[in-house]
$ cat structure.pdb   # PDB, C-alpha atoms, pLDDT in the B column
ATOM      1  CA  MET A   1      46.937  72.378 120.402  1.00 46.00           C
ATOM      2  CA  THR A   2      46.929  71.576 116.722  1.00 48.00           C
ATOM      3  CA  ASP A   3      46.133  74.316 114.244  1.00 46.00           C
ATOM      4  CA  ASN A   4      45.342  73.111 110.760  1.00 43.00           C
ATOM      5  CA  ALA A   5      45.709  75.237 107.672  1.00 41.00           C
ATOM      6  CA  ASP A   6      42.611  75.945 105.621  1.00 41.00           C
ATOM      7  CA  THR A   7      42.104  73.434 102.856  1.00 38.00           C
ATOM      8  CA  PRO A   8      39.477  74.107 100.205  1.00 41.00           C
ATOM      9  CA  ALA A   9      36.955  71.319  99.808  1.00 41.00           C
ATOM     10  CA  THR A  10      37.095  69.726  96.388  1.00 41.00           C
ATOM     11  CA  PRO A  11      34.624  66.821  96.224  1.00 43.00           C
ATOM     12  CA  GLU A  12      31.390  67.657  94.480  1.00 45.00           C
ATOM     13  CA  GLY A  13      28.575  68.640  96.831  1.00 48.00           C
ATOM     14  CA  ASP A  14      30.811  70.046  99.548  1.00 52.00           C
ATOM     15  CA  ALA A  15      30.234  73.489 100.990  1.00 49.00           C
ATOM     16  CA  PRO A  16      31.490  76.374  98.871  1.00 51.00           C
ATOM     17  CA  VAL A  17      34.804  77.817  99.956  1.00 50.00           C
ATOM     18  CA  LYS A  18      34.542  81.412 101.255  1.00 53.00           C
ATOM     19  CA  GLN A  19      37.125  83.852 102.496  1.00 57.00           C
ATOM     20  CA  LEU A  20      37.545  83.413 106.270  1.00 61.00           C
ATOM     21  CA  THR A  21      36.640  86.421 108.425  1.00 65.00           C
ATOM     22  CA  GLY A  22      38.454  85.342 111.547  1.00 74.00           C
ATOM     23  CA  ARG A  23      35.272  84.522 113.476  1.00 91.00           C
ATOM     24  CA  THR A  24      35.791  81.193 115.189  1.00 97.00           C
ATOM     25  CA  PHE A  25      32.972  79.054 116.554  1.00 98.00           C
ATOM     26  CA  LEU A  26      34.196  76.710 119.307  1.00 98.00           C
ATOM     27  CA  CYS A  27      32.394  73.400 119.684  1.00 98.00           C
ATOM     28  CA  VAL A  28      33.049  70.887 122.474  1.00 97.00           C
ATOM     29  CA  VAL A  29      33.449  67.374 121.067  1.00 97.00           C
ATOM     30  CA  ASP A  30      31.921  64.592 123.098  1.00 94.00           C
ATOM     31  CA  GLU A  31      29.791  61.516 122.600  1.00 90.00           C
ATOM     32  CA  THR A  32      26.448  63.025 123.603  1.00 91.00           C
ATOM     33  CA  GLU A  33      23.436  63.113 121.307  1.00 90.00           C
ATOM     34  CA  GLU A  34      23.226  66.893 121.522  1.00 94.00           C
ATOM     35  CA  PHE A  35      26.757  67.297 120.152  1.00 96.00           C
ATOM     36  CA  ALA A  36      25.481  66.674 116.610  1.00 96.00           C
ATOM     37  CA  ALA A  37      23.113  69.642 116.859  1.00 96.00           C
ATOM     38  CA  ALA A  38      25.845  71.922 118.201  1.00 97.00           C
ATOM     39  CA  LEU A  39      28.248  70.858 115.453  1.00 98.00           C
ATOM     40  CA  GLN A  40      25.695  71.388 112.711  1.00 97.00           C
ATOM     41  CA  PHE A  41      24.882  74.851 114.066  1.00 97.00           C
ATOM     42  CA  ALA A  42      28.580  75.815 114.348  1.00 98.00           C
ATOM     43  CA  CYS A  43      29.290  74.625 110.798  1.00 97.00           C
ATOM     44  CA  LYS A  44      26.299  76.464 109.360  1.00 96.00           C
ATOM     45  CA  ARG A  45      27.163  79.714 111.186  1.00 95.00           C
ATOM     46  CA  ALA A  46      30.783  79.451 110.076  1.00 96.00           C
ATOM     47  CA  THR A  47      29.753  78.872 106.470  1.00 94.00           C
ATOM     48  CA  ASN A  48      27.188  81.694 106.487  1.00 92.00           C
ATOM     49  CA  SER A  49      29.595  84.199 108.058  1.00 92.00           C
ATOM     50  CA  GLY A  50      32.866  83.210 106.411  1.00 93.00           C
ATOM     51  CA  GLY A  51      34.164  82.033 109.771  1.00 95.00           C
ATOM     52  CA  ARG A  52      35.640  78.771 110.903  1.00 96.00           C
ATOM     53  CA  VAL A  53      35.006  76.036 113.425  1.00 98.00           C
ATOM     54  CA  ALA A  54      37.305  75.083 116.285  1.00 98.00           C
ATOM     55  CA  LEU A  55      36.928  71.795 118.119  1.00 98.00           C
ATOM     56  CA  ILE A  56      38.030  70.966 121.640  1.00 98.00           C
ATOM     57  CA  TYR A  57      38.214  67.491 123.091  1.00 97.00           C
ATOM     58  CA  VAL A  58      39.038  67.254 126.785  1.00 97.00           C
ATOM     59  CA  ILE A  59      40.548  64.092 128.195  1.00 95.00           C
ATOM     60  CA  GLU A  60      39.369  63.800 131.773  1.00 88.00           C
ATOM     61  CA  PRO A  61      42.084  62.527 134.133  1.00 84.00           C
ATOM     62  CA  THR A  62      41.965  58.887 135.109  1.00 72.00           C
ATOM     63  CA  GLU A  63      42.166  57.938 138.740  1.00 66.00           C
ATOM     64  CA  PHE A  64      44.375  54.912 138.374  1.00 58.00           C
ATOM     65  CA  SER A  65      47.518  55.392 140.383  1.00 59.00           C
ATOM     66  CA  HIS A  66      48.285  51.880 141.606  1.00 64.00           C
ATOM     67  CA  TRP A  67      50.771  51.128 138.853  1.00 66.00           C
ATOM     68  CA  MET A  68      52.410  53.983 137.009  1.00 66.00           C
ATOM     69  CA  ALA A  69      52.869  52.015 133.773  1.00 70.00           C
ATOM     70  CA  VAL A  70      49.184  51.068 133.646  1.00 73.00           C
ATOM     71  CA  GLY A  71      48.158  54.674 134.284  1.00 72.00           C
ATOM     72  CA  GLU A  72      50.445  55.917 131.512  1.00 81.00           C
ATOM     73  CA  ARG A  73      49.080  53.307 129.100  1.00 82.00           C
ATOM     74  CA  MET A  74      45.507  54.376 129.913  1.00 83.00           C
ATOM     75  CA  ARG A  75      46.477  57.988 129.278  1.00 85.00           C
ATOM     76  CA  ASP A  76      48.078  57.101 125.938  1.00 87.00           C
ATOM     77  CA  GLU A  77      44.966  55.184 124.894  1.00 91.00           C
ATOM     78  CA  ALA A  78      42.728  58.098 125.876  1.00 89.00           C
ATOM     79  CA  ARG A  79      44.895  60.422 123.768  1.00 92.00           C
ATOM     80  CA  GLU A  80      44.676  58.076 120.776  1.00 95.00           C
ATOM     81  CA  GLU A  81      40.880  57.903 121.117  1.00 94.00           C
ATOM     82  CA  ALA A  82      40.694  61.706 121.318  1.00 95.00           C
ATOM     83  CA  GLU A  83      42.783  62.085 118.165  1.00 96.00           C
ATOM     84  CA  GLU A  84      40.687  59.523 116.284  1.00 97.00           C
ATOM     85  CA  MET A  85      37.435  61.180 117.276  1.00 96.00           C
ATOM     86  CA  LEU A  86      38.723  64.650 116.391  1.00 97.00           C
ATOM     87  CA  ASN A  87      39.889  63.399 112.988  1.00 97.00           C
ATOM     88  CA  VAL A  88      36.438  62.008 112.226  1.00 97.00           C
ATOM     89  CA  VAL A  89      34.681  65.175 113.365  1.00 98.00           C
ATOM     90  CA  ALA A  90      37.219  67.359 111.515  1.00 98.00           C
ATOM     91  CA  SER A  91      36.427  65.583 108.258  1.00 98.00           C
ATOM     92  CA  VAL A  92      32.722  66.302 108.807  1.00 98.00           C
ATOM     93  CA  VAL A  93      33.506  69.969 109.458  1.00 98.00           C
ATOM     94  CA  GLN A  94      35.651  70.209 106.337  1.00 97.00           C
ATOM     95  CA  LYS A  95      32.907  68.665 104.230  1.00 97.00           C
ATOM     96  CA  ARG A  96      30.270  71.044 105.651  1.00 96.00           C
ATOM     97  CA  THR A  97      32.324  74.253 105.659  1.00 96.00           C
ATOM     98  CA  GLY A  98      35.087  73.783 103.088  1.00 96.00           C
ATOM     99  CA  HIS A  99      37.779  74.404 105.743  1.00 96.00           C
ATOM    100  CA  MET A 100      39.617  72.255 108.237  1.00 96.00           C
ATOM    101  CA  PRO A 101      38.778  73.248 111.818  1.00 98.00           C
ATOM    102  CA  VAL A 102      41.258  74.291 114.454  1.00 97.00           C
ATOM    103  CA  LEU A 103      41.772  71.320 116.777  1.00 97.00           C
ATOM    104  CA  TYR A 104      42.510  71.363 120.486  1.00 97.00           C
ATOM    105  CA  ILE A 105      43.123  68.441 122.816  1.00 97.00           C
ATOM    106  CA  ARG A 106      43.367  69.246 126.501  1.00 97.00           C
ATOM    107  CA  GLU A 107      43.775  67.125 129.609  1.00 95.00           C
ATOM    108  CA  GLY A 108      41.922  68.065 132.767  1.00 95.00           C
ATOM    109  CA  GLN A 109      38.419  68.912 133.916  1.00 95.00           C
ATOM    110  CA  LEU A 110      36.119  69.743 130.992  1.00 94.00           C
ATOM    111  CA  ARG A 111      34.676  72.987 132.309  1.00 94.00           C
ATOM    112  CA  GLU A 112      38.049  74.339 133.418  1.00 95.00           C
ATOM    113  CA  GLU A 113      39.768  73.496 130.138  1.00 96.00           C
ATOM    114  CA  VAL A 114      37.020  75.046 128.008  1.00 96.00           C
ATOM    115  CA  VAL A 115      37.132  78.270 130.019  1.00 96.00           C
ATOM    116  CA  LYS A 116      40.961  78.360 129.905  1.00 96.00           C
ATOM    117  CA  LEU A 117      40.984  77.862 126.133  1.00 97.00           C
ATOM    118  CA  ILE A 118      38.537  80.728 125.623  1.00 96.00           C
ATOM    119  CA  GLU A 119      40.715  82.958 127.829  1.00 95.00           C
ATOM    120  CA  GLU A 120      43.916  81.964 125.982  1.00 96.00           C
ATOM    121  CA  GLU A 121      42.702  82.118 122.372  1.00 95.00           C
ATOM    122  CA  ASP A 122      41.555  85.601 121.379  1.00 94.00           C
ATOM    123  CA  GLY A 123      40.350  84.319 118.007  1.00 94.00           C
ATOM    124  CA  ILE A 124      37.466  82.360 119.524  1.00 97.00           C
ATOM    125  CA  SER A 125      34.295  84.370 118.913  1.00 95.00           C
ATOM    126  CA  LEU A 126      31.504  82.130 120.162  1.00 96.00           C
ATOM    127  CA  LEU A 127      31.092  78.968 122.224  1.00 97.00           C
ATOM    128  CA  VAL A 128      28.482  76.609 120.760  1.00 97.00           C
ATOM    129  CA  LEU A 129      27.066  73.957 123.107  1.00 96.00           C
ATOM    130  CA  GLY A 130      24.457  71.283 122.613  1.00 95.00           C
ATOM    131  CA  VAL A 131      21.809  71.159 125.316  1.00 95.00           C
ATOM    132  CA  ALA A 132      20.390  67.838 126.434  1.00 92.00           C
ATOM    133  CA  SER A 133      16.626  67.598 126.232  1.00 84.00           C
ATOM    134  CA  GLY A 134      16.146  64.800 128.761  1.00 80.00           C
ATOM    135  CA  THR A 135      14.958  64.964 132.339  1.00 82.00           C
ATOM    136  CA  ASP A 136      18.525  64.905 133.719  1.00 83.00           C
ATOM    137  CA  GLY A 137      19.053  68.571 132.888  1.00 82.00           C
ATOM    138  CA  PRO A 138      20.886  70.396 130.129  1.00 89.00           C
ATOM    139  CA  GLY A 139      24.268  68.783 130.831  1.00 90.00           C
ATOM    140  CA  PRO A 140      27.028  69.466 133.353  1.00 90.00           C
ATOM    141  CA  LEU A 141      28.974  71.962 131.221  1.00 91.00           C
ATOM    142  CA  VAL A 142      25.875  73.991 130.358  1.00 91.00           C
ATOM    143  CA  THR A 143      24.788  73.988 134.005  1.00 90.00           C
ATOM    144  CA  TYR A 144      28.228  75.144 135.158  1.00 91.00           C
ATOM    145  CA  LEU A 145      28.423  77.943 132.595  1.00 89.00           C
ATOM    146  CA  VAL A 146      24.934  79.223 133.431  1.00 87.00           C
ATOM    147  CA  GLU A 147      25.272  78.969 137.208  1.00 88.00           C
ATOM    148  CA  LYS A 148      28.930  79.882 137.793  1.00 88.00           C
ATOM    149  CA  MET A 149      30.232  81.664 134.707  1.00 88.00           C
ATOM    150  CA  ALA A 150      27.290  83.774 133.543  1.00 81.00           C
ATOM    151  CA  GLY A 151      28.647  87.186 132.642  1.00 86.00           C
ATOM    152  CA  LYS A 152      32.271  86.133 133.193  1.00 90.00           C
ATOM    153  CA  LEU A 153      33.149  84.627 129.808  1.00 92.00           C
ATOM    154  CA  ARG A 154      34.523  87.018 127.203  1.00 93.00           C
ATOM    155  CA  VAL A 155      32.512  85.363 124.417  1.00 95.00           C
ATOM    156  CA  PRO A 156      28.809  84.693 123.939  1.00 94.00           C
ATOM    157  CA  VAL A 157      27.525  81.162 124.426  1.00 94.00           C
ATOM    158  CA  THR A 158      24.985  79.720 122.025  1.00 94.00           C
ATOM    159  CA  MET A 159      23.043  76.780 123.418  1.00 94.00           C
ATOM    160  CA  VAL A 160      21.525  74.578 120.741  1.00 96.00           C
ATOM    161  CA  PRO A 161      18.741  72.258 121.892  1.00 94.00           C
ATOM    162  CA  GLY A 162      19.727  68.705 121.032  1.00 93.00           C
ATOM    163  CA  SER A 163      16.138  67.951 120.077  1.00 93.00           C
ATOM    164  CA  LEU A 164      16.177  70.283 117.035  1.00 94.00           C
ATOM    165  CA  SER A 165      16.002  68.686 113.602  1.00 93.00           C
ATOM    166  CA  GLU A 166      18.546  69.448 110.886  1.00 92.00           C
ATOM    167  CA  GLU A 167      15.934  71.590 109.139  1.00 95.00           C
ATOM    168  CA  GLU A 168      15.232  73.591 112.288  1.00 95.00           C
ATOM    169  CA  ILE A 169      18.949  74.189 112.844  1.00 94.00           C
ATOM    170  CA  ALA A 170      19.361  75.323 109.242  1.00 92.00           C
ATOM    171  CA  LEU A 171      16.548  77.851 109.714  1.00 92.00           C
ATOM    172  CA  ILE A 172      18.051  79.463 112.812  1.00 90.00           C
ATOM    173  CA  SER A 173      21.672  79.493 111.721  1.00 85.00           C
TER     174      SER A 173
END

$ encode --input "structure.pdb" --output "structure tokens"
Amino acid sequence: MTDNADTPATPEGDAPVKQLTGRTFLCVVDETEEFAAALQFACKRATNSGGRVALIYVIEPTEFSHWMAVGERMRDEAREEAEEMLNVVASVVQKRTGHMPVLYIREGQLREEVVKLIEEEDGISLLVLGVASGTDGPGPLVTYLVEKMAGKLRVPVTMVPGSLSEEEIALIS
């Protein structure tokens, strides 16, 4: 886990810096289309409420055990990719909210790591997930949380339809 200190945004046009309330909006970083909607919603809610954004990136385990050195190299590369992606997303969050997000990198199964993080970190106030709008369903994490974890998480879950426009997200957040 990496916890970054708050840094006021200085470039012109960035979000105004507000006093943080302690409310933390957790967003799962991935490469899906619906992630952008979830991130925009989390940033807007954090800005409007004086809260902050937390980002989690989960590195799923690789199943390459033939040669230990190759498996370790694959793991190192996955970690580097996770850090790069989180850095890019963190800069977007800072620009939108005026504060650096809290960053988490976990290794394991996505759904298990998200649930464990919420249980471990009392400061997390809300889980924000993007929901796929295609015919394949809302996404595996959303499906798991609705079917298996409904009523068991200690925080509310906000599901943001990935098909919403930026204007629509701004209106509801």

$ atom_distance --input "structure.pdb" --atom1 "atom CA of A:Ala54" --atom2 "atom CA of A:Glu121"
10.8 Å

$ resolve_selection --input "structure.pdb" --expression "the PyMOL selection byres ((chain A and resi 141-156) around 6)" --output "list in words"
Arg111, Ser125, Leu126, Gly139, Pro140 and Val157 of chain A

$ resolve_selection --input "structure.pdb" --expression "the PyMOL selection byres ((chain A and resi 90) around 12)" --output "number ranges by chain"
A: 2-4, 6-7, 27, 29, 39, 43, 52-57, 82-89, 91-104

$ resolve_selection --input "structure.pdb" --expression "the PyMOL selection byres ((chain A and resi 159) around 7)" --output "count of residues only"
8

$ atom_distance --input "structure.pdb" --atom1 "atom CA of A:Glu60" --atom2 "atom CA of A:Gly108"
5.1 Å

$ atom_distance --input "structure.pdb" --atom1 "atom CA of A:Leu117" --atom2 "atom CA of A:Ile169"
26.0 Å

$ closest_residue --input "structure.pdb" --among "A:Ala42, A:Glu31, A:Pro138, A:Arg79" --to "A:Ile172" --atoms "only C-alpha atoms"
A:Ala42

$ closest_residue --input "structure.pdb" --among "A:Leu110, A:Ala46, A:Ala38, A:Gly22" --to "A:Ile59" --atoms "all atoms listed in the file"
A:Leu110

$ closest_residue --input "structure.pdb" --among "A:Phe25, A:Thr135, A:Leu127, A:Glu167" --to "A:Gly50" --atoms "all atoms listed in the file"
A:Phe25

$ axis_aligned_box --input "structure.pdb" --around "stretch 131-149 of chain A" --padding-each-side "8 Å" --output "JSON"
{"center_x": 22.6, "center_y": 73.2, "center_z": 131.6, "size_x": 31.3, "size_y": 32.9, "size_z": 28.5}

$ closest_residue --input "structure.pdb" --among "A:Ala36, A:Val58, A:Val28, A:Val70" --to "A:Ser163" --atoms "all atoms listed in the file"
A:Ala36

$ decode --input "structure.pdb" --residues "stretch 17-143 of chain A" --atoms "C-alpha atoms" --output "mmCIF file, in the first residue's frame"
data_model
loop_
_atom_site.group_PDB
_atom_site.id
_atom_site.type_symbol
_atom_site.label_atom_id
_atom_site.label_comp_id
_atom_site.auth_asym_id
_atom_site.auth_seq_id
_atom_site.Cartn_x
_atom_site.Cartn_y
_atom_site.Cartn_z
ATOM 1 C CA VAL A 17 -8.464 22.646 -3.222
ATOM 2 C CA LYS A 18 -10.887 21.982 -0.329
ATOM 3 C CA GLN A 19 -10.356 20.763 3.192
ATOM 4 C CA LEU A 20 -10.582 16.948 3.239
ATOM 5 C CA THR A 21 -13.397 15.455 5.327
ATOM 6 C CA GLY A 22 -12.002 11.964 5.592
ATOM 7 C CA ARG A 23 -14.569 10.435 3.226
ATOM 8 C CA THR A 24 -12.721 8.161 0.838
ATOM 9 C CA PHE A 25 -14.161 6.919 -2.444
ATOM 10 C CA LEU A 26 -12.490 3.679 -3.574
ATOM 11 C CA CYS A 27 -12.261 3.064 -7.304
ATOM 12 C CA VAL A 28 -10.970 -0.152 -8.889
ATOM 13 C CA VAL A 29 -8.455 0.608 -11.643
ATOM 14 C CA ASP A 30 -8.640 -1.580 -14.705
ATOM 15 C CA GLU A 31 -8.617 -1.254 -18.465
ATOM 16 C CA THR A 32 -12.369 -1.490 -19.034
ATOM 17 C CA GLU A 33 -14.385 1.221 -20.749
ATOM 18 C CA GLU A 34 -16.634 1.637 -17.725
ATOM 19 C CA PHE A 35 -13.678 2.503 -15.484
ATOM 20 C CA ALA A 36 -13.629 6.055 -16.878
ATOM 21 C CA ALA A 37 -17.210 6.637 -15.729
ATOM 22 C CA ALA A 38 -16.493 5.271 -12.252
ATOM 23 C CA LEU A 39 -13.375 7.422 -11.922
ATOM 24 C CA GLN A 40 -15.158 10.568 -13.035
ATOM 25 C CA PHE A 41 -17.972 9.912 -10.557
ATOM 26 C CA ALA A 42 -15.533 9.229 -7.681
ATOM 27 C CA CYS A 43 -13.557 12.398 -8.436
ATOM 28 C CA LYS A 44 -16.679 14.544 -8.650
ATOM 29 C CA ARG A 45 -18.111 13.142 -5.390
ATOM 30 C CA ALA A 46 -14.779 13.635 -3.639
ATOM 31 C CA THR A 47 -14.540 17.219 -4.862
ATOM 32 C CA ASN A 48 -18.153 18.035 -3.955
ATOM 33 C CA SER A 49 -17.871 16.531 -0.463
ATOM 34 C CA GLY A 50 -14.320 17.487 0.466
ATOM 35 C CA GLY A 51 -13.344 13.826 0.373
ATOM 36 C CA ARG A 52 -10.628 11.986 -1.454
ATOM 37 C CA VAL A 53 -10.213 9.191 -3.955
ATOM 38 C CA ALA A 54 -8.435 5.902 -3.327
ATOM 39 C CA LEU A 55 -7.365 3.653 -6.176
ATOM 40 C CA ILE A 56 -6.771 -0.081 -6.083
ATOM 41 C CA TYR A 57 -5.063 -2.071 -8.791
ATOM 42 C CA VAL A 58 -5.050 -5.837 -8.355
ATOM 43 C CA ILE A 59 -2.419 -7.939 -10.066
ATOM 44 C CA GLU A 60 -3.987 -11.298 -10.799
ATOM 45 C CA PRO A 61 -1.590 -14.213 -10.227
ATOM 46 C CA THR A 62 0.061 -15.718 -13.264
ATOM 47 C CA GLU A 63 -0.039 -19.442 -13.768
ATOM 48 C CA PHE A 64 3.468 -19.895 -15.060
ATOM 49 C CA SER A 65 5.347 -22.256 -12.814
ATOM 50 C CA HIS A 66 7.599 -24.118 -15.238
ATOM 51 C CA TRP A 67 10.619 -21.925 -14.602
ATOM 52 C CA MET A 68 10.814 -19.926 -11.408
ATOM 53 C CA ALA A 69 12.936 -17.146 -12.934
ATOM 54 C CA VAL A 70 10.466 -16.613 -15.781
ATOM 55 C CA GLY A 71 7.554 -16.514 -13.336
ATOM 56 C CA GLU A 72 9.343 -13.960 -11.160
ATOM 57 C CA ARG A 73 10.146 -11.809 -14.196
ATOM 58 C CA MET A 74 6.483 -11.894 -15.267
ATOM 59 C CA ARG A 75 5.468 -10.853 -11.763
ATOM 60 C CA ASP A 76 7.964 -7.975 -11.761
ATOM 61 C CA GLU A 77 6.678 -6.786 -15.134
ATOM 62 C CA ALA A 78 3.077 -6.948 -13.924
ATOM 63 C CA ARG A 79 4.044 -4.854 -10.887
ATOM 64 C CA GLU A 80 5.764 -2.270 -13.093
ATOM 65 C CA GLU A 81 2.688 -2.054 -15.339
ATOM 66 C CA ALA A 82 0.449 -1.625 -12.282
ATOM 67 C CA GLU A 83 2.622 1.196 -10.950
ATOM 68 C CA GLU A 84 2.689 2.946 -14.331
ATOM 69 C CA MET A 85 -1.066 2.731 -14.727
ATOM 70 C CA LEU A 86 -1.691 3.945 -11.174
ATOM 71 C CA ASN A 87 0.657 6.892 -11.719
ATOM 72 C CA VAL A 88 -1.248 7.940 -14.833
ATOM 73 C CA VAL A 89 -4.626 7.593 -13.137
ATOM 74 C CA ALA A 90 -3.336 9.357 -9.997
ATOM 75 C CA SER A 91 -2.332 12.376 -12.063
ATOM 76 C CA VAL A 92 -5.859 12.514 -13.509
ATOM 77 C CA VAL A 93 -7.330 12.336 -10.003
ATOM 78 C CA GLN A 94 -5.043 15.094 -8.753
ATOM 79 C CA LYS A 95 -6.003 17.324 -11.662
ATOM 80 C CA ARG A 96 -9.736 16.710 -11.097
ATOM 81 C CA THR A 97 -9.787 16.896 -7.292
ATOM 82 C CA GLY A 98 -6.732 18.912 -6.259
ATOM 83 C CA HIS A 99 -5.436 16.011 -4.118
ATOM 84 C CA MET A 100 -3.313 12.962 -4.756
ATOM 85 C CA PRO A 101 -5.294 9.750 -4.235
ATOM 86 C CA VAL A 102 -4.393 6.966 -1.863
ATOM 87 C CA LEU A 103 -2.872 4.154 -3.928
ATOM 88 C CA TYR A 104 -3.084 0.430 -3.308
ATOM 89 C CA ILE A 105 -1.510 -2.397 -5.277
ATOM 90 C CA ARG A 106 -2.529 -5.903 -4.302
ATOM 91 C CA GLU A 107 -1.718 -9.332 -5.686
ATOM 92 C CA GLY A 108 -4.409 -11.984 -5.794
ATOM 93 C CA GLN A 109 -7.966 -12.443 -6.993
ATOM 94 C CA LEU A 110 -9.666 -9.110 -7.726
ATOM 95 C CA ARG A 111 -12.868 -9.667 -5.782
ATOM 96 C CA GLU A 112 -11.080 -11.048 -2.728
ATOM 97 C CA GLU A 113 -8.525 -8.240 -2.620
ATOM 98 C CA VAL A 114 -11.146 -5.501 -2.969
ATOM 99 C CA VAL A 115 -13.217 -6.974 -0.142
ATOM 100 C CA LYS A 116 -10.117 -7.429 2.065
ATOM 101 C CA LEU A 117 -9.026 -3.829 1.489
ATOM 102 C CA ILE A 118 -12.454 -2.511 2.474
ATOM 103 C CA GLU A 119 -12.347 -4.643 5.639
ATOM 104 C CA GLU A 120 -8.807 -3.481 6.516
ATOM 105 C CA GLU A 121 -9.111 0.249 5.798
ATOM 106 C CA ASP A 122 -11.708 1.939 7.996
ATOM 107 C CA GLY A 123 -11.283 5.211 6.104
ATOM 108 C CA ILE A 124 -12.906 3.860 2.942
ATOM 109 C CA SER A 125 -16.443 5.252 2.809
ATOM 110 C CA LEU A 126 -17.782 4.104 -0.546
ATOM 111 C CA LEU A 127 -16.858 1.657 -3.299
ATOM 112 C CA VAL A 128 -17.407 3.111 -6.779
ATOM 113 C CA LEU A 129 -17.636 0.618 -9.655
ATOM 114 C CA GLY A 130 -18.223 1.075 -13.350
ATOM 115 C CA VAL A 131 -20.892 -1.181 -14.805
ATOM 116 C CA ALA A 132 -20.503 -2.579 -18.295
ATOM 117 C CA SER A 133 -23.401 -1.849 -20.605
ATOM 118 C CA GLY A 134 -22.827 -4.684 -23.072
ATOM 119 C CA THR A 135 -24.648 -7.970 -23.432
ATOM 120 C CA ASP A 136 -22.000 -9.866 -21.426
ATOM 121 C CA GLY A 137 -23.364 -8.560 -18.133
ATOM 122 C CA PRO A 138 -22.261 -5.858 -15.726
ATOM 123 C CA GLY A 139 -18.784 -7.308 -15.143
ATOM 124 C CA PRO A 140 -17.437 -10.080 -12.919
ATOM 125 C CA LEU A 141 -16.737 -7.902 -9.864
ATOM 126 C CA VAL A 142 -20.173 -6.272 -9.953
ATOM 127 C CA THR A 143 -21.835 -9.667 -10.392
#
